[in-house]
Amino acid sequence: MRNHMAIKIAGYTVGILNLVYFGLYAALTGLTNKFTYFWLLLGLFFILLTAGQKGLRRVLKAAPTLVKAVAGAIIGLGILTLVIAEFFIIGYGSGAPQPGADYVIVLGAQVRGRTPTYNLARRLDAAYQYLEENPTAQVILSGGQGEGEDISEARAMAEYLSEKGIATERMILEEESRNTHENLQYSREKMDTDDASVVLVTNSFHVFRSVGIAKKQGLKDVTGLGAPVMWYTVPNMYLREAFAVVKYKLFGQI
């Protein structure tokens, strides 16, 4: 009885925590990111599962052993796959970039008016630090103009770095791209050769997949430089990215 009560408390607690996180994330960032609804669904799942645990135990007891074994193996394999993906995501996101790169590519992100959002500003801060320490590197600022943006993301990034003291002569603007694939494709076209050494700057959770895409597109010498994200976005960003990495790997995109 005590074990059943402990499981019940744990189940409701996990469910409520997921609902709270969904509400917090939605309130602070909005619902433009569809993956945010995952936390709502997960919270409801745990609450309903806990409420119906007696019925679930009866179903499991009546289910054939083979069915239970197969279901357990599928769930276990899925969790293991996500854990392995997170291992690579965290490892690449915290790694140090190569020094003395020929190019620094900063991937674009949302701009409000002319002002970079938090994630983009942190990417630019990381790029600035690298450019200061490696004065021969050129920087390719990659990002077109989207909805709610007064100028292209590339031009907003250029203004931000100019205010920090980076010379405009070191900047190459790529203002056509709309996603990571295009960021890298069009930035590559701005480079002299695929043999150039490249440091790819994005947020830490995004480094592994971005470097994989860059290599898939033909860049031969590329490392990543990860920038931080707002603390409360970490669970959402990293779990969402794990699913994206698995998808990209299955479809041969990285």
# chains A, B, ... in the order shown; residues from 1 in each chain; ligands from 1
$ residues_around --residues "Leu44 in chain A" --least-positions-apart "4" --cutoff "7 Å" --atoms "only C-alpha atoms" --output "count of residues only"
3
$ residues_around --residues "Gly91 in chain A" --least-positions-apart "4" --cutoff "10 Å" --atoms "only C-alpha atoms" --output "list in words"
Ala85, Glu86, Phe87, Gly95, Ser204, Phe205, Val207 and Phe208 of chain A
$ write_last_selection --atoms "all heavy atoms" --output "mmCIF file, in the first residue's frame"
data_model
loop_
_atom_site.group_PDB
_atom_site.id
_atom_site.type_symbol
_atom_site.label_atom_id
_atom_site.label_comp_id
_atom_site.auth_asym_id
_atom_site.auth_seq_id
_atom_site.Cartn_x
_atom_site.Cartn_y
_atom_site.Cartn_z
ATOM 1 N N ALA A 85 21.803 10.944 -27.681
ATOM 2 C CA ALA A 85 21.747 12.207 -28.417
ATOM 3 C C ALA A 85 22.128 13.376 -27.510
ATOM 4 O O ALA A 85 22.901 14.267 -27.904
ATOM 5 C CB ALA A 85 20.349 12.417 -29.002
ATOM 6 N N GLU A 86 21.608 13.375 -26.282
ATOM 7 C CA GLU A 86 21.937 14.443 -25.334
ATOM 8 C C GLU A 86 23.427 14.445 -25.006
ATOM 9 O O GLU A 86 24.030 15.508 -24.803
ATOM 10 C CB GLU A 86 21.125 14.293 -24.048
ATOM 11 C CG GLU A 86 19.645 14.591 -24.182
ATOM 12 C CD GLU A 86 19.336 16.062 -24.455
ATOM 13 O OE1 GLU A 86 20.275 16.899 -24.535
ATOM 14 O OE2 GLU A 86 18.146 16.379 -24.618
ATOM 15 N N PHE A 87 24.041 13.281 -24.938
ATOM 16 C CA PHE A 87 25.470 13.185 -24.666
ATOM 17 C C PHE A 87 26.263 13.965 -25.719
ATOM 18 O O PHE A 87 27.165 14.744 -25.391
ATOM 19 C CB PHE A 87 25.893 11.710 -24.656
ATOM 20 C CG PHE A 87 27.363 11.485 -24.510
ATOM 21 C CD1 PHE A 87 27.971 11.546 -23.264
ATOM 22 C CD2 PHE A 87 28.153 11.218 -25.624
ATOM 23 C CE1 PHE A 87 29.343 11.344 -23.134
ATOM 24 C CE2 PHE A 87 29.508 11.018 -25.505
ATOM 25 C CZ PHE A 87 30.113 11.080 -24.248
ATOM 26 N N GLY A 95 32.259 22.253 -25.937
ATOM 27 C CA GLY A 95 33.622 22.106 -26.436
ATOM 28 C C GLY A 95 34.235 23.444 -26.833
ATOM 29 O O GLY A 95 33.535 24.426 -27.098
ATOM 30 N N SER A 204 24.464 26.739 -27.489
ATOM 31 C CA SER A 204 25.131 25.488 -27.128
ATOM 32 C C SER A 204 24.338 24.242 -27.513
ATOM 33 O O SER A 204 24.910 23.253 -27.985
ATOM 34 C CB SER A 204 25.444 25.476 -25.634
ATOM 35 O OG SER A 204 24.274 25.747 -24.876
ATOM 36 N N PHE A 205 23.023 24.264 -27.334
ATOM 37 C CA PHE A 205 22.214 23.085 -27.649
ATOM 38 C C PHE A 205 22.192 22.770 -29.145
ATOM 39 O O PHE A 205 21.886 21.654 -29.560
ATOM 40 C CB PHE A 205 20.776 23.259 -27.141
ATOM 41 C CG PHE A 205 19.990 24.303 -27.894
ATOM 42 C CD1 PHE A 205 19.268 23.979 -29.026
ATOM 43 C CD2 PHE A 205 19.975 25.625 -27.461
ATOM 44 C CE1 PHE A 205 18.546 24.946 -29.729
ATOM 45 C CE2 PHE A 205 19.254 26.588 -28.145
ATOM 46 C CZ PHE A 205 18.543 26.250 -29.282
ATOM 47 N N VAL A 207 24.823 23.289 -31.397
ATOM 48 C CA VAL A 207 26.139 23.152 -32.015
ATOM 49 C C VAL A 207 26.296 21.816 -32.739
ATOM 50 O O VAL A 207 26.733 21.764 -33.897
ATOM 51 C CB VAL A 207 27.259 23.332 -30.971
ATOM 52 C CG1 VAL A 207 28.618 22.975 -31.570
ATOM 53 C CG2 VAL A 207 27.286 24.765 -30.456
ATOM 54 N N PHE A 208 25.962 20.724 -32.073
ATOM 55 C CA PHE A 208 26.194 19.393 -32.650
ATOM 56 C C PHE A 208 25.488 19.229 -33.996
ATOM 57 O O PHE A 208 26.089 18.813 -34.985
ATOM 58 C CB PHE A 208 25.726 18.310 -31.672
ATOM 59 C CG PHE A 208 25.802 16.921 -32.230
ATOM 60 C CD1 PHE A 208 27.021 16.344 -32.514
ATOM 61 C CD2 PHE A 208 24.645 16.180 -32.480
ATOM 62 C CE1 PHE A 208 27.096 15.059 -33.053
ATOM 63 C CE2 PHE A 208 24.715 14.902 -33.003
ATOM 64 C CZ PHE A 208 25.945 14.344 -33.288
#
$ residues_around --residues "Val234 in chain A" --least-positions-apart "3" --cutoff "12 Å" --atoms "only C-alpha atoms" --output "list in words"
Tyr21, Tyr25, Thr36, Ile90, Asn119, Asn203, Ser204, Phe205, His206, Pro228, Val229, Met230, Trp231, Met237, Tyr238, Leu239, Arg240 and Glu241 of chain A
$ select_by_dssp --residues "range 35-216 of chain A" --states "alpha helix (DSSP H)" --output "PyMOL selection string"
chain A and resi 37-51+53-62+65-93+118-133+153-164+180-189+207-216
$ residues_around --residues "Arg209 in chain A" --least-positions-apart "5" --cutoff "8 Å" --atoms "only C-alpha atoms" --output "JSON, numbers by chain"
{"A": [89, 245, 254]}
$ atom_distance --atom1 "CA of Val222 in chain A" --atom2 "CA of Val106 in chain A"
12.7 Å
$ select_by_dssp --residues "range 158-206 of chain A" --states "strand (DSSP E or B)" --output "number ranges by chain"
A: 171-174, 197-203
$ closest_residue --among "A:Ala101, A:Leu24, A:Ile75, A:Val111" --to "Asp150 in chain A" --atoms "only C-alpha atoms"
A:Val111
$ closest_atom_pairs --of "range 31-100 of chain A" --to "range 134-138 of chain A" --cutoff "12 Å" --atoms "only C-alpha atoms" --output "CSV"
residue,atom,partner,partner_atom,distance
A:Pro97,CA,A:Asn134,CA,11.4
A:Gln98,CA,A:Asn134,CA,10.3
A:Pro99,CA,A:Asn134,CA,7.1
A:Gly100,CA,A:Asn134,CA,5.7
$ write_last_selection --atoms "N, CA, C and O atoms" --output "PDB file, in the first residue's frame"
ATOM      1  N   PRO A  97      36.366  25.824 -29.424  1.00  0.00           N
ATOM      2  CA  PRO A  97      36.607  25.895 -30.872  1.00  0.00           C
ATOM      3  C   PRO A  97      38.103  25.919 -31.174  1.00  0.00           C
ATOM      4  O   PRO A  97      38.919  26.261 -30.313  1.00  0.00           O
ATOM      5  N   GLN A  98      38.438  25.590 -32.401  1.00  0.00           N
ATOM      6  CA  GLN A  98      39.836  25.665 -32.819  1.00  0.00           C
ATOM      7  C   GLN A  98      40.284  27.125 -32.882  1.00  0.00           C
ATOM      8  O   GLN A  98      39.527  28.000 -33.285  1.00  0.00           O
ATOM      9  N   PRO A  99      41.516  27.414 -32.492  1.00  0.00           N
ATOM     10  CA  PRO A  99      42.022  28.787 -32.600  1.00  0.00           C
ATOM     11  C   PRO A  99      42.468  29.086 -34.025  1.00  0.00           C
ATOM     12  O   PRO A  99      42.742  28.180 -34.811  1.00  0.00           O
ATOM     13  N   GLY A 100      42.534  30.362 -34.362  1.00  0.00           N
ATOM     14  CA  GLY A 100      43.084  30.785 -35.644  1.00  0.00           C
ATOM     15  C   GLY A 100      42.263  30.427 -36.857  1.00  0.00           C
ATOM     16  O   GLY A 100      42.816  30.247 -37.950  1.00  0.00           O
TER      17      GLY A 100
END
$ residues_around --residues "Ile213 in chain A" --least-positions-apart "5" --cutoff "10 Å" --atoms "only C-alpha atoms" --output "ChimeraX atom specification"
/A:180-181,184-185,207-208,218-219,248,252-254
$ atom_distance --atom1 "CA of Val199 in chain A" --atom2 "CA of Asp221 in chain A"
8.6 Å
$ atom_distance --atom1 "CA of Lys68 in chain A" --atom2 "CA of Phe38 in chain A"
25.2 Å
